[in-house]
>>> print(open('run.txt').read())   # compact mmCIF, C-alpha atoms
# COMPACT_ATOMS: atom_id res chain seq x y z
CA MET O 1 13.07 -3.67 7.51
CA LYS O 2 12.02 -0.27 8.82
CA ARG O 3 8.34 0.55 8.45
CA ILE O 4 7.72 4.15 7.43
CA GLY O 5 4.22 5.59 7.22
CA VAL O 6 3.50 7.91 4.30
CA LEU O 7 0.50 10.06 5.17
CA LEU O 8 -1.32 11.18 2.01
CA SER O 9 -4.05 13.82 1.63
CA GLY O 10 -5.45 13.16 -1.84
CA CYS O 11 -3.87 13.11 -5.29
CA GLY O 12 -2.83 16.43 -6.80
CA VAL O 13 -0.95 19.51 -5.66
CA TYR O 14 -3.96 21.88 -5.57
CA ASP O 15 -6.41 19.72 -3.57
CA GLY O 16 -4.45 16.73 -2.28
CA SER O 17 -0.93 15.39 -1.88
CA GLU O 18 1.73 16.86 -4.15
CA ILE O 19 2.28 13.89 -6.45
CA HIS O 20 5.99 14.37 -7.20
CA GLU O 21 6.81 14.77 -3.50
CA ALA O 22 4.85 11.64 -2.60
CA VAL O 23 6.38 9.49 -5.34
CA ILE O 24 9.95 10.67 -4.66
CA THR O 25 9.38 9.78 -0.99
CA LEU O 26 8.18 6.27 -1.91
CA LEU O 27 11.12 5.80 -4.30
CA ALA O 28 13.71 6.95 -1.75
CA LEU O 29 12.21 4.69 0.93
CA ASP O 30 12.24 1.64 -1.35
CA ARG O 31 15.81 2.34 -2.49
CA SER O 32 16.88 2.52 1.17
CA GLY O 33 15.32 -0.87 1.90
CA ALA O 34 12.47 0.51 4.00
CA GLN O 35 8.83 -0.51 3.77
CA SER O 36 6.36 2.26 2.90
CA ILE O 37 2.98 2.09 4.61
CA CYS O 38 0.67 4.50 2.82
CA MET O 39 -2.33 5.85 4.69
CA ALA O 40 -4.91 8.63 4.52
CA PRO O 41 -8.06 9.70 6.34
CA ASP O 42 -11.39 8.42 5.00
CA ILE O 43 -12.99 11.87 4.64
CA GLU O 44 -14.34 14.05 1.87
CA GLN O 45 -11.88 16.47 0.26
CA TYR O 46 -12.30 20.15 1.16
CA HIS O 47 -12.70 20.76 -2.57
CA VAL O 48 -11.78 19.38 -5.99
CA MET O 49 -9.66 21.64 -8.17
CA ASN O 50 -9.40 21.45 -11.94
CA HIS O 51 -5.59 21.25 -12.24
CA LEU O 52 -5.69 22.43 -15.87
CA THR O 53 -7.57 25.68 -15.27
CA GLY O 54 -6.79 26.19 -11.57
CA GLU O 55 -10.50 26.59 -10.82
CA ALA O 56 -12.59 24.89 -8.14
CA THR O 57 -15.23 22.45 -9.39
CA ASP O 58 -18.45 21.17 -7.82
CA GLU O 59 -17.17 17.57 -7.72
CA LYS O 60 -16.87 15.55 -4.53
CA ARG O 61 -13.94 13.20 -3.95
CA ASN O 62 -12.73 11.18 -0.96
CA VAL O 63 -9.22 11.68 0.41
CA LEU O 64 -8.52 7.97 1.02
CA VAL O 65 -9.90 6.91 -2.39
CA GLU O 66 -7.90 9.53 -4.31
CA SER O 67 -4.73 8.90 -2.27
CA ALA O 68 -5.04 5.25 -3.34
CA ARG O 69 -4.07 6.39 -6.86
CA ILE O 70 -0.59 7.34 -5.62
CA ALA O 71 -0.39 4.15 -3.53
CA ARG O 72 -1.55 1.88 -6.40
CA GLY O 73 -4.40 0.67 -4.18
CA LYS O 74 -2.18 -0.38 -1.28
CA ILE O 75 -3.27 2.05 1.41
CA LYS O 76 -4.73 2.01 4.92
CA ASP O 77 -7.36 4.13 6.59
CA ILE O 78 -5.33 6.13 9.14
CA ARG O 79 -7.82 5.07 11.85
CA THR O 80 -6.36 1.56 11.67
CA VAL O 81 -2.73 2.67 12.15
CA THR O 82 -0.95 3.33 15.45
CA ALA O 83 2.62 4.33 16.28
CA ASN O 84 3.25 0.66 17.16
CA ASP O 85 2.91 -0.17 13.45
CA LEU O 86 5.56 2.35 12.39
CA ASP O 87 9.23 3.20 12.88
CA GLY O 88 8.78 6.63 11.34
CA LEU O 89 6.19 8.79 9.59
CA ILE O 90 6.46 11.17 6.60
CA LEU O 91 3.97 13.77 5.40
CA PRO O 92 4.40 14.84 1.76
CA GLY O 93 3.04 18.30 0.95
CA GLY O 94 0.37 19.67 -1.34
CA VAL O 95 -2.70 21.74 -0.55
CA GLY O 96 -4.40 18.63 0.85
CA ALA O 97 -2.21 18.94 3.94
CA VAL O 98 -3.70 22.34 4.77
CA LYS O 99 -7.26 21.81 3.48
CA ASN O 100 -7.91 18.08 4.09
CA LEU O 101 -5.58 16.99 6.91
CA SER O 102 -6.13 20.36 8.56
CA ASN O 103 -7.71 23.71 7.70
CA PHE O 104 -4.48 25.67 8.13
CA ALA O 105 -4.96 27.25 4.68
CA ILE O 106 -8.21 28.81 5.85
CA LYS O 107 -7.73 29.41 9.58
CA GLY O 108 -3.99 29.91 9.94
CA LYS O 109 -2.80 29.74 13.54
CA ASP O 110 -6.32 28.83 14.74
CA ALA O 111 -6.42 25.81 12.44
CA ASN O 112 -8.07 22.53 13.38
CA VAL O 113 -6.26 19.32 12.53
CA ASN O 114 -8.03 16.07 11.59
CA SER O 115 -8.28 14.15 14.87
CA GLU O 116 -6.70 10.97 13.52
CA VAL O 117 -3.78 12.86 11.98
CA SER O 118 -3.25 14.67 15.27
CA ARG O 119 -3.50 11.42 17.27
CA LEU O 120 -0.97 9.55 15.13
CA VAL O 121 1.58 12.39 15.08
CA LYS O 122 1.30 12.77 18.88
CA GLU O 123 1.72 9.00 19.34
CA MET O 124 4.87 9.09 17.20
CA ILE O 125 6.35 11.97 19.19
CA ALA O 126 5.46 10.28 22.51
CA ALA O 127 7.17 7.10 21.26
CA GLU O 128 10.24 9.16 20.25
CA LYS O 129 9.89 8.05 16.63
CA PRO O 130 10.87 10.47 13.83
CA VAL O 131 8.33 12.43 11.82
CA GLY O 132 9.28 14.02 8.49
CA ALA O 133 7.26 16.66 6.66
CA MET O 134 7.80 18.63 3.48
CA CYS O 135 6.43 21.62 1.59
CA ILE O 136 3.51 23.12 3.58
CA SER O 137 3.03 20.04 5.82
CA PRO O 138 5.48 21.24 8.50
CA ALA O 139 2.84 23.87 9.35
CA VAL O 140 0.45 21.02 10.24
CA LEU O 141 3.11 19.46 12.51
CA ALA O 142 3.66 22.86 14.13
CA LYS O 143 -0.06 23.15 14.91
CA ILE O 144 -0.34 19.61 16.29
CA LEU O 145 2.73 20.08 18.49
CA GLU O 146 2.17 23.70 19.48
CA ASP O 147 2.93 22.97 23.13
CA LYS O 148 6.27 21.27 22.26
CA LYS O 149 8.11 24.27 20.73
CA PRO O 150 8.55 22.43 17.42
CA GLU O 151 11.34 23.61 15.09
CA VAL O 152 10.50 23.33 11.40
CA THR O 153 11.14 24.84 7.99
CA ILE O 154 8.79 25.55 5.12
CA GLY O 155 11.57 27.30 3.18
CA ASN O 156 11.46 31.07 3.18
CA ASP O 157 7.80 32.10 2.93
CA PHE O 158 7.56 34.95 5.43
CA GLY O 159 3.81 34.79 6.08
CA THR O 160 3.73 31.07 6.75
CA ALA O 161 6.87 31.28 8.90
CA GLU O 162 5.26 34.05 10.96
CA THR O 163 2.12 31.96 11.49
CA ILE O 164 4.22 28.99 12.61
CA GLU O 165 5.90 31.23 15.17
CA ALA O 166 2.51 32.60 16.27
CA MET O 167 1.51 28.99 17.09
CA GLY O 168 4.54 28.61 19.37
CA GLY O 169 6.87 26.97 16.87
CA ALA O 170 10.28 28.08 15.67
CA HIS O 171 10.86 28.55 11.95
CA THR O 172 14.28 28.30 10.32
CA ALA O 173 14.80 29.36 6.71
CA CYS O 174 16.20 26.53 4.58
CA PRO O 175 17.08 26.04 0.90
CA VAL O 176 15.27 23.40 -1.17
CA ASP O 177 18.18 20.95 -1.20
CA ARG O 178 18.56 20.91 2.59
CA ILE O 179 16.64 19.69 5.62
CA HIS O 180 16.04 21.15 9.06
CA VAL O 181 16.21 18.79 12.05
CA ASP O 182 14.48 19.34 15.40
CA HIS O 183 16.54 16.96 17.53
CA VAL O 184 14.29 17.28 20.58
CA ASN O 185 11.03 16.35 18.88
CA LYS O 186 12.69 14.30 16.10
CA LEU O 187 11.11 16.38 13.34
CA ILE O 188 12.77 16.47 9.92
CA THR O 189 11.47 19.05 7.43
CA THR O 190 12.37 20.29 3.93
CA PRO O 191 10.81 23.03 1.73
CA ALA O 192 10.23 20.97 -1.47
CA TYR O 193 7.77 22.79 -3.75
CA MET O 194 7.34 25.68 -1.27
CA ILE O 195 10.55 26.76 -3.02
CA GLY O 196 10.95 24.44 -6.03
CA PRO O 197 11.79 25.33 -8.75
CA GLY O 198 11.83 21.86 -10.33
CA ILE O 199 11.49 18.17 -9.61
CA LYS O 200 15.24 17.49 -9.50
CA ASP O 201 15.65 20.27 -6.93
CA ILE O 202 12.94 19.05 -4.55
CA ALA O 203 14.24 15.49 -4.88
CA ARG O 204 17.55 16.49 -3.28
CA GLY O 205 15.88 17.73 -0.10
CA ILE O 206 13.38 14.87 0.04
CA GLU O 207 16.12 12.24 -0.30
CA LYS O 208 17.99 13.85 2.61
CA LEU O 209 14.76 13.89 4.63
CA VAL O 210 14.18 10.18 3.99
CA ASP O 211 17.80 9.38 4.92
CA GLU O 212 17.48 11.30 8.18
CA VAL O 213 14.10 9.77 9.10
CA LEU O 214 15.58 6.30 8.54
CA LYS O 215 18.69 7.18 10.53
CA GLN O 216 16.55 8.23 13.50
CA ALA O 217 14.04 5.37 13.11
CA MET Z 1 18.17 21.78 -23.97
CA LYS Z 2 16.45 18.73 -25.45
CA ARG Z 3 12.64 18.91 -25.49
CA ILE Z 4 11.01 15.59 -24.60
CA GLY Z 5 7.26 15.11 -24.80
CA VAL Z 6 5.65 13.09 -21.99
CA LEU Z 7 2.31 11.77 -23.21
CA LEU Z 8 -0.08 11.21 -20.30
CA SER Z 9 -3.41 9.37 -20.25
CA GLY Z 10 -4.98 10.41 -16.94
CA CYS Z 11 -3.82 10.10 -13.34
CA GLY Z 12 -3.84 6.64 -11.77
CA VAL Z 13 -2.71 3.16 -12.75
CA TYR Z 14 -6.19 1.67 -13.21
CA ASP Z 15 -7.77 4.35 -15.42
CA GLY Z 16 -4.98 6.71 -16.46
CA SER Z 17 -1.21 7.09 -16.44
CA GLU Z 18 0.71 5.03 -13.91
CA ILE Z 19 1.76 7.80 -11.53
CA HIS Z 20 5.12 6.37 -10.39
CA GLU Z 21 6.22 5.72 -13.98
CA ALA Z 22 5.24 9.24 -15.05
CA VAL Z 23 6.96 10.96 -12.12
CA ILE Z 24 10.16 8.90 -12.43
CA THR Z 25 10.24 9.85 -16.13
CA LEU Z 26 9.90 13.56 -15.29
CA LEU Z 27 12.57 13.29 -12.59
CA ALA Z 28 15.05 11.48 -14.86
CA LEU Z 29 14.49 14.01 -17.66
CA ASP Z 30 15.05 16.98 -15.34
CA ARG Z 31 18.16 15.39 -13.83
CA SER Z 32 19.54 14.89 -17.35
CA GLY Z 33 19.01 18.56 -18.20
CA ALA Z 34 16.14 17.93 -20.61
CA GLN Z 35 12.88 19.86 -20.77
CA SER Z 36 9.70 17.84 -20.21
CA ILE Z 37 6.69 18.85 -22.28
CA CYS Z 38 3.64 17.13 -20.78
CA MET Z 39 0.63 16.58 -23.00
CA ALA Z 40 -2.59 14.56 -23.14
CA PRO Z 41 -5.68 14.31 -25.31
CA ASP Z 42 -8.71 16.43 -24.33
CA ILE Z 43 -11.16 13.51 -24.20
CA GLU Z 44 -13.32 11.79 -21.61
CA GLN Z 45 -11.76 8.84 -19.78
CA TYR Z 46 -12.99 5.39 -20.77
CA HIS Z 47 -13.95 4.94 -17.12
CA VAL Z 48 -13.10 6.09 -13.61
CA MET Z 49 -11.88 3.40 -11.24
CA ASN Z 50 -12.00 3.56 -7.46
CA HIS Z 51 -8.33 2.78 -6.74
CA LEU Z 52 -9.11 1.71 -3.16
CA THR Z 53 -11.69 -0.96 -4.01
CA GLY Z 54 -10.67 -1.69 -7.61
CA GLU Z 55 -14.25 -1.13 -8.76
CA ALA Z 56 -15.54 1.01 -11.63
CA THR Z 57 -17.57 4.07 -10.64
CA ASP Z 58 -20.17 6.12 -12.53
CA GLU Z 59 -18.01 9.26 -12.45
CA LYS Z 60 -16.85 11.07 -15.57
CA ARG Z 61 -13.36 12.58 -15.77
CA ASN Z 62 -11.36 14.20 -18.58
CA VAL Z 63 -7.96 12.78 -19.56
CA LEU Z 64 -6.28 16.18 -20.03
CA VAL Z 65 -7.69 17.61 -16.80
CA GLU Z 66 -6.64 14.59 -14.71
CA SER Z 67 -3.23 14.36 -16.38
CA ALA Z 68 -2.70 17.98 -15.29
CA ARG Z 69 -2.45 16.67 -11.71
CA ILE Z 70 0.79 14.85 -12.57
CA ALA Z 71 2.03 17.85 -14.59
CA ARG Z 72 1.19 20.38 -11.84
CA GLY Z 73 -1.00 22.25 -14.33
CA LYS Z 74 1.73 22.67 -16.96
CA ILE Z 75 0.34 20.56 -19.78
CA LYS Z 76 -0.66 20.92 -23.43
CA ASP Z 77 -3.55 19.52 -25.42
CA ILE Z 78 -1.83 17.02 -27.75
CA ARG Z 79 -3.64 18.65 -30.68
CA THR Z 80 -1.36 21.67 -30.30
CA VAL Z 81 1.88 19.66 -30.40
CA THR Z 82 3.78 18.51 -33.50
CA ALA Z 83 7.04 16.63 -33.94
CA ASN Z 84 8.69 19.99 -34.70
CA ASP Z 85 8.17 20.93 -31.04
CA LEU Z 86 9.95 17.82 -29.74
CA ASP Z 87 13.31 16.06 -29.85
CA GLY Z 88 11.83 12.86 -28.39
CA LEU Z 89 8.58 11.48 -26.97
CA ILE Z 90 7.91 9.15 -24.01
CA LEU Z 91 4.71 7.29 -23.12
CA PRO Z 92 4.45 6.21 -19.48
CA GLY Z 93 2.18 3.22 -18.86
CA GLY Z 94 -0.99 2.62 -16.91
CA VAL Z 95 -4.40 1.39 -18.06
CA GLY Z 96 -5.07 4.82 -19.59
CA ALA Z 97 -2.71 3.92 -22.44
CA VAL Z 98 -4.93 1.01 -23.47
CA LYS Z 99 -8.35 2.45 -22.56
CA ASN Z 100 -7.94 6.21 -23.19
CA LEU Z 101 -5.11 6.63 -25.72
CA SER Z 102 -6.34 3.49 -27.47
CA ASN Z 103 -8.81 0.68 -26.83
CA PHE Z 104 -6.17 -2.06 -26.95
CA ALA Z 105 -7.41 -3.43 -23.58
CA ILE Z 106 -10.81 -4.10 -25.13
CA LYS Z 107 -10.09 -4.86 -28.79
CA GLY Z 108 -6.59 -6.33 -28.75
CA LYS Z 109 -4.99 -6.51 -32.19
CA ASP Z 110 -8.01 -4.75 -33.74
CA ALA Z 111 -7.59 -1.76 -31.43
CA ASN Z 112 -8.22 1.81 -32.51
CA VAL Z 113 -5.76 4.48 -31.41
CA ASN Z 114 -6.72 8.09 -30.63
CA SER Z 115 -6.10 9.96 -33.90
CA GLU Z 116 -3.91 12.65 -32.32
CA VAL Z 117 -1.77 10.08 -30.51
CA SER Z 118 -1.34 8.16 -33.74
CA ARG Z 119 -0.54 11.34 -35.70
CA LEU Z 120 2.14 12.52 -33.28
CA VAL Z 121 3.84 9.13 -33.00
CA LYS Z 122 3.89 8.77 -36.80
CA GLU Z 123 5.32 12.29 -37.16
CA MET Z 124 8.09 11.43 -34.68
CA ILE Z 125 9.00 8.24 -36.56
CA ALA Z 126 8.91 10.06 -39.92
CA ALA Z 127 11.25 12.70 -38.45
CA GLU Z 128 13.56 9.93 -37.13
CA LYS Z 129 13.11 11.15 -33.57
CA PRO Z 130 13.11 8.58 -30.71
CA VAL Z 131 9.95 7.37 -29.01
CA GLY Z 132 10.09 5.65 -25.63
CA ALA Z 133 7.27 3.65 -24.06
CA MET Z 134 6.93 1.64 -20.87
CA CYS Z 135 4.62 -0.87 -19.18
CA ILE Z 136 1.66 -1.59 -21.51
CA SER Z 137 2.24 1.49 -23.74
CA PRO Z 138 4.57 -0.36 -26.16
CA ALA Z 139 1.45 -2.22 -27.33
CA VAL Z 140 0.01 1.13 -28.43
CA LEU Z 141 3.20 1.92 -30.37
CA ALA Z 142 3.04 -1.53 -31.97
CA LYS Z 143 -0.52 -0.87 -33.16
CA ILE Z 144 0.27 2.62 -34.52
CA LEU Z 145 3.35 1.34 -36.37
CA GLU Z 146 1.97 -2.03 -37.47
CA ASP Z 147 3.30 -1.58 -41.02
CA LYS Z 148 6.83 -0.78 -39.74
CA LYS Z 149 7.68 -4.14 -38.08
CA PRO Z 150 8.20 -2.43 -34.69
CA GLU Z 151 10.32 -4.24 -32.10
CA VAL Z 152 9.18 -3.70 -28.51
CA THR Z 153 9.04 -5.28 -25.08
CA ILE Z 154 6.28 -5.31 -22.49
CA GLY Z 155 8.27 -7.71 -20.30
CA ASN Z 156 7.19 -11.32 -20.37
CA ASP Z 157 3.39 -11.38 -20.53
CA PHE Z 158 2.69 -14.10 -23.08
CA GLY Z 159 -0.78 -12.99 -24.14
CA THR Z 160 0.17 -9.37 -24.76
CA ALA Z 161 3.37 -10.41 -26.55
CA GLU Z 162 1.34 -12.71 -28.81
CA THR Z 163 -1.08 -9.89 -29.65
CA ILE Z 164 1.83 -7.57 -30.49
CA GLU Z 165 3.16 -10.20 -32.89
CA ALA Z 166 -0.34 -10.67 -34.37
CA MET Z 167 -0.28 -6.94 -35.23
CA GLY Z 168 2.97 -7.40 -37.16
CA GLY Z 169 5.36 -6.37 -34.42
CA ALA Z 170 8.21 -8.30 -32.86
CA HIS Z 171 8.24 -8.84 -29.10
CA THR Z 172 11.40 -9.46 -27.10
CA ALA Z 173 11.23 -10.58 -23.47
CA CYS Z 174 13.08 -8.17 -21.16
CA PRO Z 175 13.65 -7.86 -17.38
CA VAL Z 176 12.36 -4.82 -15.50
CA ASP Z 177 15.78 -3.20 -15.12
CA ARG Z 178 16.58 -3.31 -18.85
CA ILE Z 179 15.38 -1.69 -22.05
CA HIS Z 180 14.82 -3.00 -25.55
CA VAL Z 181 15.90 -0.80 -28.48
CA ASP Z 182 14.47 -0.93 -32.01
CA HIS Z 183 17.29 0.81 -33.86
CA VAL Z 184 15.40 1.02 -37.15
CA ASN Z 185 12.31 2.78 -35.80
CA LYS Z 186 14.13 4.38 -32.82
CA LEU Z 187 11.77 2.82 -30.28
CA ILE Z 188 12.97 2.36 -26.70
CA THR Z 189 10.78 0.25 -24.40
CA THR Z 190 10.93 -1.15 -20.85
CA PRO Z 191 8.50 -3.36 -18.87
CA ALA Z 192 8.11 -1.16 -15.73
CA TYR Z 193 5.03 -2.27 -13.75
CA MET Z 194 4.14 -4.98 -16.30
CA ILE Z 195 6.76 -6.83 -14.23
CA GLY Z 196 7.40 -4.67 -11.14
CA PRO Z 197 7.69 -5.68 -8.39
CA GLY Z 198 8.44 -2.32 -6.77
CA ILE Z 199 9.14 1.32 -7.45
CA LYS Z 200 12.93 1.01 -7.14
CA ASP Z 201 12.89 -1.82 -9.70
CA ILE Z 202 10.88 0.02 -12.33
CA ALA Z 203 13.00 3.14 -11.81
CA ARG Z 204 16.10 1.30 -13.06
CA GLY Z 205 14.52 0.49 -16.42
CA ILE Z 206 12.88 3.90 -16.79
CA GLU Z 207 16.15 5.73 -16.11
CA LYS Z 208 17.84 3.65 -18.83
CA LEU Z 209 14.96 4.41 -21.19
CA VAL Z 210 15.30 8.16 -20.56
CA ASP Z 211 19.07 7.99 -21.08
CA GLU Z 212 18.63 6.17 -24.40
CA VAL Z 213 15.89 8.50 -25.64
CA LEU Z 214 18.14 11.48 -24.87
CA LYS Z 215 21.13 9.80 -26.53
CA GLN Z 216 19.11 9.29 -29.73
CA ALA Z 217 17.38 12.70 -29.58
>>> encode(input="run.txt", output="structure tokens")
Amino acid sequence: MKRIGVLLSGCGVYDGSEIHEAVITLLALDRSGAQSICMAPDIEQYHVMNHLTGEATDEKRNVLVESARIARGKIKDIRTVTANDLDGLILPGGVGAVKNLSNFAIKGKDANVNSEVSRLVKEMIAAEKPVGAMCISPAVLAKILEDKKPEVTIGNDFGTAETIEAMGGAHTACPVDRIHVDHVNKLITTPAYMIGPGIKDIARGIEKLVDEVLKQA
Amino acid sequence: MKRIGVLLSGCGVYDGSEIHEAVITLLALDRSGAQSICMAPDIEQYHVMNHLTGEATDEKRNVLVESARIARGKIKDIRTVTANDLDGLILPGGVGAVKNLSNFAIKGKDANVNSEVSRLVKEMIAAEKPVGAMCISPAVLAKILEDKKPEVTIGNDFGTAETIEAMGGAHTACPVDRIHVDHVNKLITTPAYMIGPGIKDIARGIEKLVDEVLKQA
């Protein structure tokens, strides 16, 4: 049974992991006979958004604790996970990827990435194990791997694509029902809700991503 | 396009809607060409559970605001929805169904149900429109419709089944990949995570539930 890490960043599109993307990933992995190993960093969220009004609140929440909602409590602190524990790794999207796992949303090409996230992704690449990322998360991969000429897609958002290229990556436009594969670095990416428009549309790309990660794992 | 209400109760299995069940419902509806109309009551949660440790916290959260995380912000206050707006209604499970939408988890057969939840379900039944429920939510339907001899399943949990029968309902045991249909009241129910064991297993029953709700809608 292949062991695939699912790296979460909270629970909710505007301040954590995009919930639909995360759940569709877990469903596709289970249907393919793979084992999902959910994980997240034990850090405070950058902020907590009211998802009804779209406004920031003054609440404090923890990324690992909130991610546990998606994982039904079965989740590891990323500090305890190494590439030896995994055959592949997948990063769902959501604003948490660029505000909790990194600060790409604030600092763009000069972003800092959480040290444990960076460590685990680099270990996976060094071990030649596949890493999948969707929605805005490919930008985090591009930052971590900026000296590896990573090839990714985040769909067709010009500004984000330009920033990825400014970090030394290569961006390829891609529709929501397709994936882009970097065969050198073993990166598999799909636009998901960077394009949308709906849950059935993003599911098509995510299912292809999961298939390809498992094929390369 | 059929309009199917998805009644949420928060965001997380231990204090709100079970996230996998809710997302699989939304995915199956979209794939079948139906429109999902997410809704929740604008009330405080019974409690907020830390999903990592399983312990209650002293936080306060609002059911509508947290449900908006699953709905990506596109959600209605249940007070603004009537049976005229819907062709069918589905209740995902999770502890929120029996602590936020009702207090079945605390009071059993003497449970009180949120007045708006009760109103909408009764309107749907009066209009002969189908209502689906999964996991523990069929117990809420059984309480609301206690004078209608509702037939439901919550899987095979003896205590819950006995309480449903004590309220005047009929309980039928059912495996996770099947549904039970009450043709008189147009109730479609499936055990989901009351049985589990995994996301691919619950998805089979939920997809059948969505198909049957749409067939009867």
>>> residues_around(input="run.txt", residues="Z:Lys60", least_positions_apart="3", cutoff="8 Å", atoms="only C-alpha atoms", output="NGL selection string")
:Z and (44-45 or 47-48)
>>> residues_around(input="run.txt", residues="O:Val121", least_positions_apart="2", cutoff="8 Å", atoms="only C-alpha atoms", output="JSON, numbers by chain")
{"O": [117, 118, 119, 123, 124, 125, 131, 141, 144]}
>>> closest_atom_pairs(input="run.txt", of="chain Z", to="chain O", cutoff="7 Å", atoms="only C-alpha atoms", output="Markdown table")
| residue | atom | partner | partner_atom | distance |
| --- | --- | --- | --- | --- |
| Z:Gly12 | CA | O:Arg69 | CA | 4.9 |
| Z:Val13 | CA | O:Arg72 | CA | 6.6 |
| Z:Ile19 | CA | O:Ile70 | CA | 6.4 |
| Z:His20 | CA | O:Val23 | CA | 6.1 |
| Z:Val23 | CA | O:His20 | CA | 6.1 |
| Z:Leu27 | CA | O:Ile199 | CA | 5.8 |
| Z:Asp30 | CA | O:Lys200 | CA | 5.9 |
| Z:Arg31 | CA | O:Lys200 | CA | 5.6 |
| Z:Asn50 | CA | O:Val65 | CA | 6.4 |
| Z:His51 | CA | O:Gly73 | CA | 5.1 |
| Z:Leu52 | CA | O:Gly73 | CA | 4.9 |
| Z:Val65 | CA | O:Leu52 | CA | 5.3 |
| Z:Ala68 | CA | O:His51 | CA | 5.3 |
| Z:Arg69 | CA | O:Gly12 | CA | 4.9 |
| Z:Ile70 | CA | O:Ile19 | CA | 6.4 |
| Z:Arg72 | CA | O:Val13 | CA | 6.6 |
| Z:Gly73 | CA | O:Leu52 | CA | 4.9 |
| Z:Ile199 | CA | O:Leu27 | CA | 5.8 |
| Z:Lys200 | CA | O:Arg31 | CA | 5.6 |
>>> residues_around(input="run.txt", residues="stretch 178-181 of chain O", least_positions_apart="2", cutoff="9 Å", atoms="all atoms listed in the file", output="list in words")
Glu151, Val152, Thr153, Thr172, Ala173, Cys174, Pro175, Val176, His183, Val184, Asn185, Lys186, Leu187, Ile188, Thr189, Thr190, Pro191, Arg204, Gly205, Ile206, Lys208, Leu209 and Glu212 of chain O
>>> residues_near_point(input="run.txt", point="(-8.5, 17.4, 1.7)", cutoff="8 Å", atoms="all atoms listed in the file", output="number ranges by chain")
O: 9-10, 15-16, 43-47, 62-63, 95-102
>>> closest_residue(input="run.txt", among="O:Val210, O:Ile154, O:Ile4, O:Ala192", to="O:Ala139", atoms="only C-alpha atoms")
O:Ile154
>>> residues_around(input="run.txt", residues="O:Ala166", least_positions_apart="5", cutoff="12 Å", atoms="only C-alpha atoms", output="VMD selection string")
chain O and resid 108 to 111 139 142 to 143 146 to 147 149 to 150 159 to 161 171
>>> residues_around(input="run.txt", residues="O:Met194", least_positions_apart="6", cutoff="9 Å", atoms="all atoms listed in the file", output="number ranges by chain")
O: 93, 134-136, 154-157, 176
>>> write_last_selection(input="run.txt", atoms="C-alpha atoms", output="CSV table (one decimal), in the frame of the given file")
chain,number,residue,atom,x,y,z
O,93,GLY,CA,3.0,18.3,1.0
O,134,MET,CA,7.8,18.6,3.5
O,135,CYS,CA,6.4,21.6,1.6
O,136,ILE,CA,3.5,23.1,3.6
O,154,ILE,CA,8.8,25.6,5.1
O,155,GLY,CA,11.6,27.3,3.2
O,156,ASN,CA,11.5,31.1,3.2
O,157,ASP,CA,7.8,32.1,2.9
O,176,VAL,CA,15.3,23.4,-1.2
>>> residues_near_point(input="run.txt", point="(5.7, 4.6, 8.5)", cutoff="12 Å", atoms="all atoms listed in the file", output="PyMOL selection string")
chain O and resi 1-8+25-26+29+34-39+75-76+78+81-91+120-121+124+129-132+210+213-214+217
>>> atom_distance(input="run.txt", atom1="atom CA of O:Ser137", atom2="atom CA of O:Pro92")
6.7 Å
>>> atom_distance(input="run.txt", atom1="atom CA of O:Gly196", atom2="atom CA of O:Asp177")
9.4 Å
>>> atom_distance(input="run.txt", atom1="atom CA of O:Ala56", atom2="atom CA of O:Val140")
22.9 Å
